[in-house]
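Below is one structure; the comments refer to it alone.
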Protein chains: 4
Amino acid sequence: MSRPDPAEQSRSRRERILDAAFHAFATRGYRDTAVDDIAGAAETSKGGIYFHFPTKEAIFRELMETTADKLVARVERAVALETEPVARAEAAIHTVLTTFAGHRTMARLLFLDTVGAGRVFQAETNALHARFANLIQGYLDDAVTAGAIPPLDTRITSIAWFGAINEVVARWLLADDAARLEEAYPALRATLLRSAGVPESRIGEVALPAAGWSFPEVATPKSGSGR
Amino acid sequence: MSRPDPAEQSRSRRERILDAAFHAFATRGYRDTAVDDIAGAAETSKGGIYFHFPTKEAIFRELMETTADKLVARVERAVALETEPVARAEAAIHTVLTTFAGHRTMARLLFLDTVGAGRVFQAETNALHARFANLIQGYLDDAVTAGAIPPLDTRITSIAWFGAINEVVARWLLADDAARLEEAYPALRATLLRSAGVPESRIGEVALPAAGWSFPEVATPKSGSGR
Amino acid sequence: MSRPDPAEQSRSRRERILDAAFHAFATRGYRDTAVDDIAGAAETSKGGIYFHFPTKEAIFRELMETTADKLVARVERAVALETEPVARAEAAIHTVLTTFAGHRTMARLLFLDTVGAGRVFQAETNALHARFANLIQGYLDDAVTAGAIPPLDTRITSIAWFGAINEVVARWLLADDAARLEEAYPALRATLLRSAGVPESRIGEVALPAAGWSFPEVATPKSGSGR
Amino acid sequence: MSRPDPAEQSRSRRERILDAAFHAFATRGYRDTAVDDIAGAAETSKGGIYFHFPTKEAIFRELMETTADKLVARVERAVALETEPVARAEAAIHTVLTTFAGHRTMARLLFLDTVGAGRVFQAETNALHARFANLIQGYLDDAVTAGAIPPLDTRITSIAWFGAINEVVARWLLADDAARLEEAYPALRATLLRSAGVPESRIGEVALPAAGWSFPEVATPKSGSGR
DNA sequence: AATGAATGAGGCTTCATTCAT
DNA sequence: GATGAATGAAGCCTCATTCAT
């Protein structure tokens with residue numbers, strides 16, 4: 001701990017709190033995480049937390065938002081690299097799975113605890129899920145327009161996709177043996193593409209994204225670094 | 001204070017408590033439901049509850065089990081009426097959706113609050129989801145064996161199915177406008193069947209189950225049995 | 001502690017809490033009294049208190065009201081024994097002073113801490129003072145009507161009376177030597193009567209209330225008894 | 001961030017803090033005023049305050065003293081302009097009322113919150129009230145000596161006077177309609193003079209102080225001086 | 001069987017004060 | 001002189017659980 005940069009110092013404490021909260025929420029859930037737990041994990045005091053955040057709820061909310069932002073941005077970036085509709089859909093699925101594969105806690109926070117947090121966050125949760133479903137629906141609509149898949153109820157289909165991905169991730173999260181999540185990718189991809197009417201011939205192709213796709217570090221709230 | 005309603009009287013206190021707890025948990029979530037709330041709704045006292053149940057947790061656990069039992073039984077009954085593999089799968093999907101459509105609270109308890117209850121129930125939740133996924137996987141395996149669908153990773157597919165159904169139900173639960181859940185059935189059915197490789201020709205058929213399928217009353221937690 | 005009467009038992013706990021709170025508030029003030037203090041003094045637990053009262057504030061409010069009620073009732077009873085206007089006024093003054101003389105804490109609660117409780121109670125405090133001032137004003141108005149005193153601004157005069165009595169009591173409360181409060185009676189009586197224009201001849205009379213006036217026990221919230 | 005307003009700059013930080021604290025205490029009361037509130041209003045930081053004052057309590061104490069000093073000085077100045085005993089008493093009453101009429105906050109601080117501050121300040125409060133009562137008692141003693149009023153218990157009478165004035169001011173403070181406080185002067189004056197035995201003939205005279213009496217600006221806590 | 005009063009651990013938040021920079 | 005981040009002791013309140021009656 002050499003002379004710490006003052007600017008870095010103040011930013012880092014806030015991040016450290018977010019980090020600790022993120023981990024705690026993802027591990028124990030919102031209600032079962034005491035502010036004291038967060039303080040302890042962040043090596044601060046309770047008061048220290050309340051200097052940076054007005055409320056326990058505010059921490060959770062911020063975490064939900066930034067985490068979702070990150071995932072959405074990542075998906076959109078990956079999708080933008082593809083032009084063909086089905087390939088774009090594949091990119092989306094792959095990105096989500098790969099991202100979560102590297103960040104169990106991120107996944108857990110986003111997809112397991114949102115409901116568990118209680119009705120306080122029901123609106124937020126709802127919005128979050130809707131956001132992802134809409135993202136998917138957009139891709140499906142594009143694919144329909146492009147004639148890559150037959151016309152179908154893209155709303156229900158997108159909800160089903162989200163649910164399917166969500167559940168695969170959730171079961172991976174809850175299974176302690178936890179085979180690599182990526183191993184589920186080919187089957188999940190095939191299932192989803194088929195469900196949208198993608199012709200079997202197209203599904204048969206080797207589907208892993210072209211090399212060069214890398215998902216190095218996810219840099220969740222400051223995780224990458226210390227701790 | 002003479003003998004109250006004999007009908008009420010006859011349903012044992014224990015069931016009244018389960019009833020009240022069921023409704024409360026499904027409405028407010030596990031953590032946000034106080035034992036006092038349950039006592040009030042069951043027209044008992046806190047002490048009365050603790051005479052019948054050792055713990056708040058025990059109530060929730062029993063509720064989860066019997067509720068799941070009911071749904072599984074119902075699905076199995078409906079499936080048994082069909083012989084053709086794809087029709088059996090359809091029956092399963094339809095039963096779940098129809099059952100939930102008539103019982104928002106049941107759905108909510110099973111699919112929204114299990115996680116919300118916190119890590120205490122993580123094992124139960126896991127088991128519950130696994131149970132349903134296995135049910136589905138069985139049908140899919142049968143269908144593969146029968147040659148009705150091509151060979152595929154039935155494990156992942158069944159998880160995906162469960163997730164898809166779950167999410168459709170969840171979003172219906174959280175939406176207050178709540179179009180009739182059954183309206184989602186045709187699109188969800190098509191999505192799922194397609195995802196399992198059911199030929200488009202088969203999907204196109206009018207798919208609603210034959211008349212006679214009725215799910216009159218679900219008679220919420222009618223425990224009485226166990227323990 | 002022989003077998004305690006169950007009915008008495010339940011009532012007594014509530015009273016014991018009120019008692020303890022009364023004493024604590026009067027001694028340390030509202031803000032400086034912790035609920036734990038009250039619990040300790042009442043030989044209960046914090047939870048026990050919250051079973052009987054929804055809030056710390058509610059305890060204070062109830063105390064203020066019943067205490068004021070008691071004093072007002074006592075004054076009215078004493079006044080009713082007299083018919084002549086000036087004698088009625090004297091009775092009022094005498095009653096207040098005598099009552100407080102026997103119950104420092106009662107006085108302190110009513111007249112010292114009401115403001116101290118903070119703005120939460122400003123309305124209550126205001127109402128309390130107004131209530132007493134109105135009581136006095138009524139007697140003064142009667143006296144004017146009866147021709148016992150000249151016409152005067154009874155509103156300001158009644159406020160002044162209340163303030164004067166209040167201050168005399170307060171200074172007695174705060175003085176640790178605390179000569180007997182009753183000793184201040186003759187001078188205060190003369191001051192107040194004069195201020196209302198009562199003829200000097202009338203004031204000169206021996207002013208102590210007729211024998212028979214007794215203020216045995218004030219039975220503040222259950223004080224008289226134990227503790 | 002160049003040199004801010006030079007005028008503001010010149011009033012030392014210390015005074016700005018006292019100013020802000022004065023206003024805050026008078027508005028919200030001692031306990032409900034956070035040091036942060038003061039810092040914010042004084043455009044300083046919490047640390048800045050603790051450079052100038054050792055304690056929140058110290059700020060309040062200093063404020064009480066200087067405020068009282070000002071009022072006493074003002075009264076003494078006004079009284080010195082009169083020679084006739086009763087006129088001096090009138091001057092005192094009038095000064096207090098006029099001063100407060102122009103400075104609700106000053107009044108509130110001195111007369112409403114002192115007790116509210118809790119037992120910490122009980123001694124200070126006591127001393128403050130005693131100081132004013134003694135001031136009054138001095139004038140009354142003079143009047144007795146001069147034969148302007150009959151011999152009487154000047155101690156009790158002075159306490160009563162202070163209480164009466166205090167209450168009139170307090171009720172004016174708490175009433176939001178707040179008729180001009182000065183309107184209460186004639187009635188209060190008559191009440192108090194009568195209470196001291198001033199002959200009715202003297203009271204009847206037009207009593208408003210001669211022109212020239214002006215109390216322009218009270219220039220709230222202009223400490224600067226001691227510490 | 002049932003009641004309801006009591007318990008006490010624990011939760012979230014506030015805030016006067018300290019201190020490194 | 002000043003800043004603002006950090007501390008930690010309280011404070012109020014909730015609630016699952018126990019227990020005498």
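So you can find residues: chains in the structure tokens are A, B, ... in the order shown, residues in each start at 1, and ligands are numbered from 1 in order.
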Test item: residues at most 12 Å from D:Phe53, only C-alpha atoms (C1' of nucleotides), excluding those fewer than 6 positions along its chain, as a short mmCIF file (atom, residue, chain, number, x, y, z; two decimals) with C-alpha atoms (C1' of nucleotides), in the first residue's frame:
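As a result, part16.cif now contains:
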data_model
loop_
_atom_site.label_atom_id
_atom_site.label_comp_id
_atom_site.auth_asym_id
_atom_site.auth_seq_id
_atom_site.Cartn_x
_atom_site.Cartn_y
_atom_site.Cartn_z
CA ARG D 13 -15.91 31.96 8.87
CA ARG D 14 -16.55 31.71 12.54
CA GLU D 15 -19.37 34.20 12.40
CA ILE D 17 -21.05 29.39 11.30
CA LEU D 18 -22.69 31.03 14.28
CA ALA D 21 -26.29 27.58 13.58
CA VAL D 35 -23.83 19.55 12.26
CA ALA D 39 -22.03 23.29 7.69
CA LYS D 46 -18.05 19.67 8.85
CA GLY D 47 -14.34 19.77 9.43
CA ILE D 59 -21.95 26.47 19.49
CA PHE D 60 -25.32 26.37 21.15
CA ARG D 61 -23.94 27.61 24.42
CA GLU D 62 -22.19 30.54 22.85
CA LEU D 63 -25.30 31.41 20.94
CA ARG D 227 -15.14 33.01 23.08
"C1'" DT E 17 -16.64 13.43 16.06
#
*asked:* Counting only C-alpha atoms (C1' of nucleotides), a student should be able to say which residues of chain E come within 12 Å of chain B; what is the right answer, written as a ChimeraX atom specification?
replied: /E:1-5
*Name the residues in contact with E:DG10 at a cut-off of 10 Å, using only C-alpha atoms (C1' of nucleotides), excluding same-chain residues fewer than 5 positions from it; report them as a PyMOL selection string.*
(chain A and resi 34) or (chain F and resi 14-15)
I need the residues from that last selection saved to file as a compact mmCIF listing (two decimals), in the first residue's frame (with N, CA and C atoms (P, O5', C5', C4', C3', O3' and C1' of nucleotides)), if you can.
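The resulting file, again_20.txt, is shown below:
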# COMPACT_ATOMS: atom_id res chain seq x y z
N ALA A 34 -26.84 -8.42 5.19
CA ALA A 34 -26.90 -7.27 6.09
C ALA A 34 -25.92 -6.21 5.63
P DT F 14 -42.08 -1.54 13.27
O5' DT F 14 -41.31 -2.90 13.02
C5' DT F 14 -40.41 -2.96 11.93
C4' DT F 14 -39.95 -4.39 11.74
C3' DT F 14 -41.09 -5.42 11.75
O3' DT F 14 -40.82 -6.30 10.68
C1' DT F 14 -39.46 -5.97 13.38
P DC F 15 -41.94 -7.31 10.21
O5' DC F 15 -41.51 -8.63 10.98
C5' DC F 15 -40.14 -9.01 10.92
C4' DC F 15 -39.93 -10.23 11.78
C3' DC F 15 -41.17 -11.12 11.91
O3' DC F 15 -40.74 -12.45 11.82
C1' DC F 15 -40.38 -10.55 14.04
*Please provide the set of residues having any atom within 12 Å of A:Thr33, restricted to only C-alpha atoms (C1' of nucleotides), with same-chain residues fewer than 3 positions apart removed, written as a list in words.*
Ala20, Ala21, Phe22, His23, Ala24, Phe25, Ala26, Thr27, Arg28, Gly29, Tyr30, Asp36, Asp37, Ile38, Ala39, Gly40, Ala41, Lys56, Glu57, Ile59, Phe60, Asp113, Gly116 and Ala117 of chain A; Gly118 and Arg119 of chain B; DG10, DG11 and DC12 of chain E
Output of the above residues as a compact mmCIF listing (two decimals), in the first residue's frame, restricted to C-alpha atoms (C1' of nucleotides):
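part21.txt, freshly written:
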# COMPACT_ATOMS: atom_id res chain seq x y z
CA ALA A 20 -18.61 -6.40 -1.85
CA ALA A 21 -22.31 -5.77 -2.13
CA PHE A 22 -22.40 -7.41 -5.50
CA HIS A 23 -20.78 -10.50 -4.17
CA ALA A 24 -22.87 -10.60 -1.04
CA PHE A 25 -26.17 -10.06 -2.81
CA ALA A 26 -25.33 -12.68 -5.38
CA THR A 27 -24.30 -15.12 -2.71
CA ARG A 28 -26.86 -14.65 0.00
CA GLY A 29 -29.60 -12.69 -1.68
CA TYR A 30 -30.79 -9.20 -0.94
CA ASP A 36 -22.84 -5.01 8.09
CA ASP A 37 -21.87 -7.91 5.89
CA ILE A 38 -21.17 -5.55 3.05
CA ALA A 39 -19.20 -3.26 5.30
CA GLY A 40 -17.14 -6.12 6.55
CA ALA A 41 -16.39 -7.45 3.12
CA LYS A 56 -29.16 -0.47 1.04
CA GLU A 57 -31.77 -0.44 -1.65
CA ILE A 59 -26.82 -0.13 -3.73
CA PHE A 60 -28.84 -2.98 -5.09
CA ASP A 113 -32.06 -12.64 -6.91
CA GLY A 116 -35.97 -12.75 -4.36
CA ALA A 117 -35.35 -9.20 -3.36
CA GLY B 118 -33.50 -16.99 0.11
CA ARG B 119 -30.83 -19.59 0.25
C1' DG E 10 -30.78 -8.40 14.58
C1' DG E 11 -31.78 -4.96 10.91
C1' DC E 12 -31.40 -0.27 8.87
*asked:* Would you mind listing, as a PyMOL selection string, all residues of chain A that have at least one atom within 6 Å of chain B, where only C-alpha atoms are what counts?
replied: chain A and resi 115-116+160+163-164+167+191-192+194-195
Near chain C, 12 Å: chain F residue rows, closest pairs, only C-alpha atoms (C1' of nucleotides), as a tab-separated table:
residue	atom	partner	partner_atom	distance
F:DA10	C1'	C:Ala34	CA	9.2
F:DG11	C1'	C:Ala34	CA	7.2
F:DC12	C1'	C:Val35	CA	7.8
F:DC13	C1'	C:Thr55	CA	8.3
F:DT14	C1'	C:Gly47	CA	9.0
F:DC15	C1'	C:Gly47	CA	9.4
F:DA20	C1'	C:Pro6	CA	10.4
F:DT21	C1'	C:Pro6	CA	8.4
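Across the model, the gap from atom CA of D:Arg131 to atom CA of D:Val79 is 16.0 Å.
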*Using only C-alpha atoms (C1' of nucleotides), which residues sit within 10 Å of A:Arg74 once same-chain residues fewer than 5 positions away are excluded, as a list in words?*
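So, after excluding close chain neighbours, the residues are Ala68, Asp69, Val79, Ala80, Ala92, Thr95, Val96, Thr99, Phe215 and Val218 of chain A.
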Only C-alpha atoms, please: the residues just picked out, written as a short mmCIF file (atom, residue, chain, number, x, y, z; two decimals), in the first residue's frame.
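To be explicit, this is the file written out as again-v4.cif:
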data_model
loop_
_atom_site.label_atom_id
_atom_site.label_comp_id
_atom_site.auth_asym_id
_atom_site.auth_seq_id
_atom_site.Cartn_x
_atom_site.Cartn_y
_atom_site.Cartn_z
CA ALA A 68 -27.64 -5.15 -16.93
CA ASP A 69 -26.09 -2.29 -18.87
CA VAL A 79 -24.34 -8.70 -32.48
CA ALA A 80 -23.07 -5.70 -34.41
CA ALA A 92 -26.53 -12.97 -28.76
CA THR A 95 -22.49 -13.84 -25.64
CA VAL A 96 -24.89 -14.26 -22.80
CA THR A 99 -20.39 -13.90 -20.21
CA PHE A 215 -14.57 -12.26 -23.84
CA VAL A 218 -15.90 -8.84 -17.77
#
